[in-house]
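S.K.: My structure is below; once you've seen it, I'll send some questions.
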Number of protein chains: 2
Amino acid sequence: MCTPKRIVHRKGLPRRGMRSFMALAGLLLGAQALAPAAPLPMAASVSVLSATDPTGRQQLSEILKQPSDTVGALQYTRDLADRVGARLAGSKGAELAVSWAVAAMQKAGLSNVRKEPVRVPRWLRGEESAELLGESVQPLRIATLGGSVGTRTPGSDAITPIEAEVIEVDSFESLAKLGEKVRGRIVLFNKEMVRSRDFQGYADVVALRGRGAVRAAKQGAVAALVRSTGTGFHRQPHTGAMRYEDGTPRIPAVAVSAEDAELLHRRLQSGESVRVRLRLGARLDGEVDSWNVIGEVPGRSQPDEIVLLGAHLDSWDLGTGALDDGAGCGIVLDTARRMAHAARTDSTQAPRRTVRVVLFMNEELGLSGARAYAAAHKSELAKHVAAMEADSGAGAPFGYRVTGGEPAQKLVQSWLSPFATLVPNEVGMTDEWGADLLPLQAEHVPVVGVAQDVSEYFEWHHTAGDTVDKIRPRELAQAQAAFFALVHAAANSETRLPPSPRPSRF
Amino acid sequence: MCTPKRIVHRKGLPRRGMRSFMALAGLLLGAQALAPAAPLPMAASVSVLSATDPTGRQQLSEILKQPSDTVGALQYTRDLADRVGARLAGSKGAELAVSWAVAAMQKAGLSNVRKEPVRVPRWLRGEESAELLGESVQPLRIATLGGSVGTRTPGSDAITPIEAEVIEVDSFESLAKLGEKVRGRIVLFNKEMVRSRDFQGYADVVALRGRGAVRAAKQGAVAALVRSTGTGFHRQPHTGAMRYEDGTPRIPAVAVSAEDAELLHRRLQSGESVRVRLRLGARLDGEVDSWNVIGEVPGRSQPDEIVLLGAHLDSWDLGTGALDDGAGCGIVLDTARRMAHAARTDSTQAPRRTVRVVLFMNEELGLSGARAYAAAHKSELAKHVAAMEADSGAGAPFGYRVTGGEPAQKLVQSWLSPFATLVPNEVGMTDEWGADLLPLQAEHVPVVGVAQDVSEYFEWHHTAGDTVDKIRPRELAQAQAAFFALVHAAANSETRLPPSPRPSRF
């Protein structure tokens, strides 16, 4: 890869030198080469480069400095988490988050700041408790899964506890083998999540949370108790979304802390009958209006071409949504703020294409914001040259991911070379990257993104412990720098990413 | 120090060789020397030593082996935490714990198993919630401190929330400086606990929890909100005891999670008015009868001399009391079980003095079990040759502590030398060691104990996360081995510890 010395300290790039610079990077790297538009002057000082900053490397260096206490991704994140706090779609918090986002974008100097309508479910957790029965009645630490029904007498609003014997499985296969033994029972799905740097650990178990209730109900179970989909061992349950399907009874689905899943396991292993009582007030209260919040840094030469930089504004109700996805909101807002500021200071520094920030509503409970955006913007999706989403917490970046196969991989590699040593240099291929981007990718919008270390993210994901103190400021800054490099390149490259294949799961 | 090779692999000690062995240890070490009673035969095999095991080193080695799944300190701890669970004095759980302890002692082969009466307060937590008020109302994670009143209309049982502005201090000194500014406010005591290997970090802040409400009330505050006395950053509040004093208004006292204390701090730092609403159902419901549980391994030659091995049976109500003090109960029960078993197998292996296990009720809410024991046994306290308590969790041991000054220190050093390399060799002097031993030490009973690493203990201490999975089995075994060596020596030594000076805080 080219070294910073050869590229960055290249002296005296003219203001229009971005194109030349990209070409140089391409030539040096043997990646997609563009003809230089002008010879490169060699005698000016670094400060000239800093002033014009055609590659954005100066801005990227600013991001990577010791994070400031007054401005930056961390401050957006902290403000959203501390002042708005929990913001489950359909809640008062989500409404406040929308107002917050509009104000933040306006203050950041973005253009065309607007709200676009989204219908969201209004799911209410209500009271919830679970007890391990016996001579000693022990409370279990649980969190009803998002979308789940409560324990109510059919045809009534009254909460009526259910009690049943627990039967334990660690997979859908072991559930199926139990056949009729499941009838009338509470199924405990008890599979420990592996702590991994990437999403593999999560991917291996998340179906138990999302589909466990349906699978258990098909065999006659009365409730699903799912070991927390997360790696936390702090007796905080990890909530998250679950789904029902038509034609299958809707039974309650509840996350249980890792500690309590292991307690139930030990009690079952000793051969005794283990009974649990659940008392759950959860219910779905129809749909309400909400909003995606959108703002832009207009492109200077191809303004109708769009680089979409997304994150989601909603969070779960237990924590303050600092990691999920306050950090993502902070990353994209501060990145756009920096680009808008640079463009205002010097119009030639405006990105070639329009950078559009989309803070999606309701990622967590069904992606309705993402679907609404894709539907509302269907006619311009062909002009979406790249879409990326920051939704992996605040961990350090270790690579990039692209959906368009090898040509996309090679192009992104060439894009990143001017930023070498400041951002990761591994570019991997993936089937999808970012839940809110799935409806766009289904229309072949090219999807790219940053791979962040999520091994700590999943300690706190969807728990009450998702608070700003879990963020290491310098790692968040590194993640933002990695995003910045990608969006800057996508917004300025002469070459566009190839279309994405449709994601396999959407 | 003497090496294991010179001491342990000494071959063919006769059954009566314990005394000789102690003498040898003393001679080799230059510590308190006893005249050998017989020459040491040199030709027998190690297995002979194992069979007679006069020093207990064989038993100690058994403790240190990979902990068994079926018997040992961990199994006692797990059984108590998993099957009884939370057992706050005065609760149903505490009653069950008493029955459990009696059965456990009987099954362990202890003699004179009995219950001795203790009066305990019955403090009920009830419902509890706290909210940070404002446009966005955010729940704070709190736990009412043990002994605190709730928020009730005077003269009524109805819970009436209180709301007030928060004022922050980090010490009693900074509180005093605020004078009248405190009137009508909720005082936030926000001092971060330092994570330390010993109890220093805890000692530095625990007064804010215990006495914060009284200090704040003297200046007219309406409630005390105390940053959790613990090092956890998992949004679980750490509860614990607090006290009132006559003549000062009884205001509610609540622990708040570290995360929420920092949130309040950030909001206050921004210069805004921060209001909190507290809704607390806590109340004291008089006193009820409970019990200390006691069992013994009778001494073979000085049965009226007592080595007291204590732990406390009660726990806080939030977790399952695995670390505090299930682990201590496990350590002392399994230690006594091993000694009782050895004595049954070979009566010459019975300890010289009586080893008395005392599982104290109500350590957490006022030491009434410890006071009751001291009062009931007043006439035999002069015969208590040593008292030790296991109440520091399940961390690895790093030293010993004695209260009797340098003579005690030197004696304990000589006691431990036969176990060198298997147990810690640092013996330090201390003012007190074990809350339940304070009433005994006030009568000059010699107090000794094991110093365990508590840097993880205080992550979970008094929280919902105090569960058995936090225990590392091998560290618990090491802690037990350290206790075993001490109790074995105290029960068999020809030399007694000097009397303790009275503790400064009792």
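Within each chain, counting starts at residue 1; across the structure tokens, chains are named A, B, ... in the order shown, with ligands numbered 1 upward in that order.
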Show me a table, sorted first by chain and then by increasing residue number, of the residues of chain B having an atom at most 6 Å from chain A, each with its shortest atom pair and the distance in Å to one decimal, counting only C-alpha atoms and written as JSON lines.

M.R.:
{"residue": "B:Val84", "atom": "CA", "partner": "A:Ser136", "partner_atom": "CA", "distance": 5.7}
{"residue": "B:Ser136", "atom": "CA", "partner": "A:Val84", "partner_atom": "CA", "distance": 5.7}
{"residue": "B:His234", "atom": "CA", "partner": "A:Gly465", "partner_atom": "CA", "distance": 5.5}
{"residue": "B:Arg235", "atom": "CA", "partner": "A:Gly465", "partner_atom": "CA", "distance": 5.3}
{"residue": "B:Gly465", "atom": "CA", "partner": "A:Arg235", "partner_atom": "CA", "distance": 5.2}

S.K.: Can I get the selected residues back with C-alpha atoms, as a PDB file, in the first residue's frame?

M.R.:
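And here is the file that came out, result.pdb:
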ATOM      1  CA  VAL B  84     -32.203 -20.997  48.797  1.00  0.00           C
ATOM      2  CA  SER B 136     -37.571  13.267  28.648  1.00  0.00           C
ATOM      3  CA  HIS B 234     -23.166  -2.797  34.771  1.00  0.00           C
ATOM      4  CA  ARG B 235     -26.011  -0.512  35.800  1.00  0.00           C
ATOM      5  CA  GLY B 465     -25.229  -9.991  39.924  1.00  0.00           C
TER       6      GLY B 465
END

S.K.: Got a sec: who's within 6 Å of Gly295 of chain B, counting only C-alpha atoms, leaving out chain neighbours fewer than 3 positions off, as a ChimeraX atom specification?

M.R.: /B:110-113,356-357

S.K.: In Å, how much C-alpha RMSD is there between chain A and chain B after the fit, with all atoms paired in order?

M.R.: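 C-alpha RMSD after optimal superposition stands at 0.1 Å.
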
S.K.: Asp170 of chain A: which residues within 6 Å, counting only C-alpha atoms, same-chain residues fewer than 3 positions away excluded, as JSON, numbers by chain?

M.R.: {"A": [189, 190, 191]}

S.K.: Can you pull out every residue from segment 281-466 of chain B that DSSP, working from the backbone, puts in strand (DSSP E or B), and format the result as number ranges by chain?

M.R.: B: 283-297, 302-312, 353-360, 384-389, 397-402, 420, 423, 427-429, 447-452
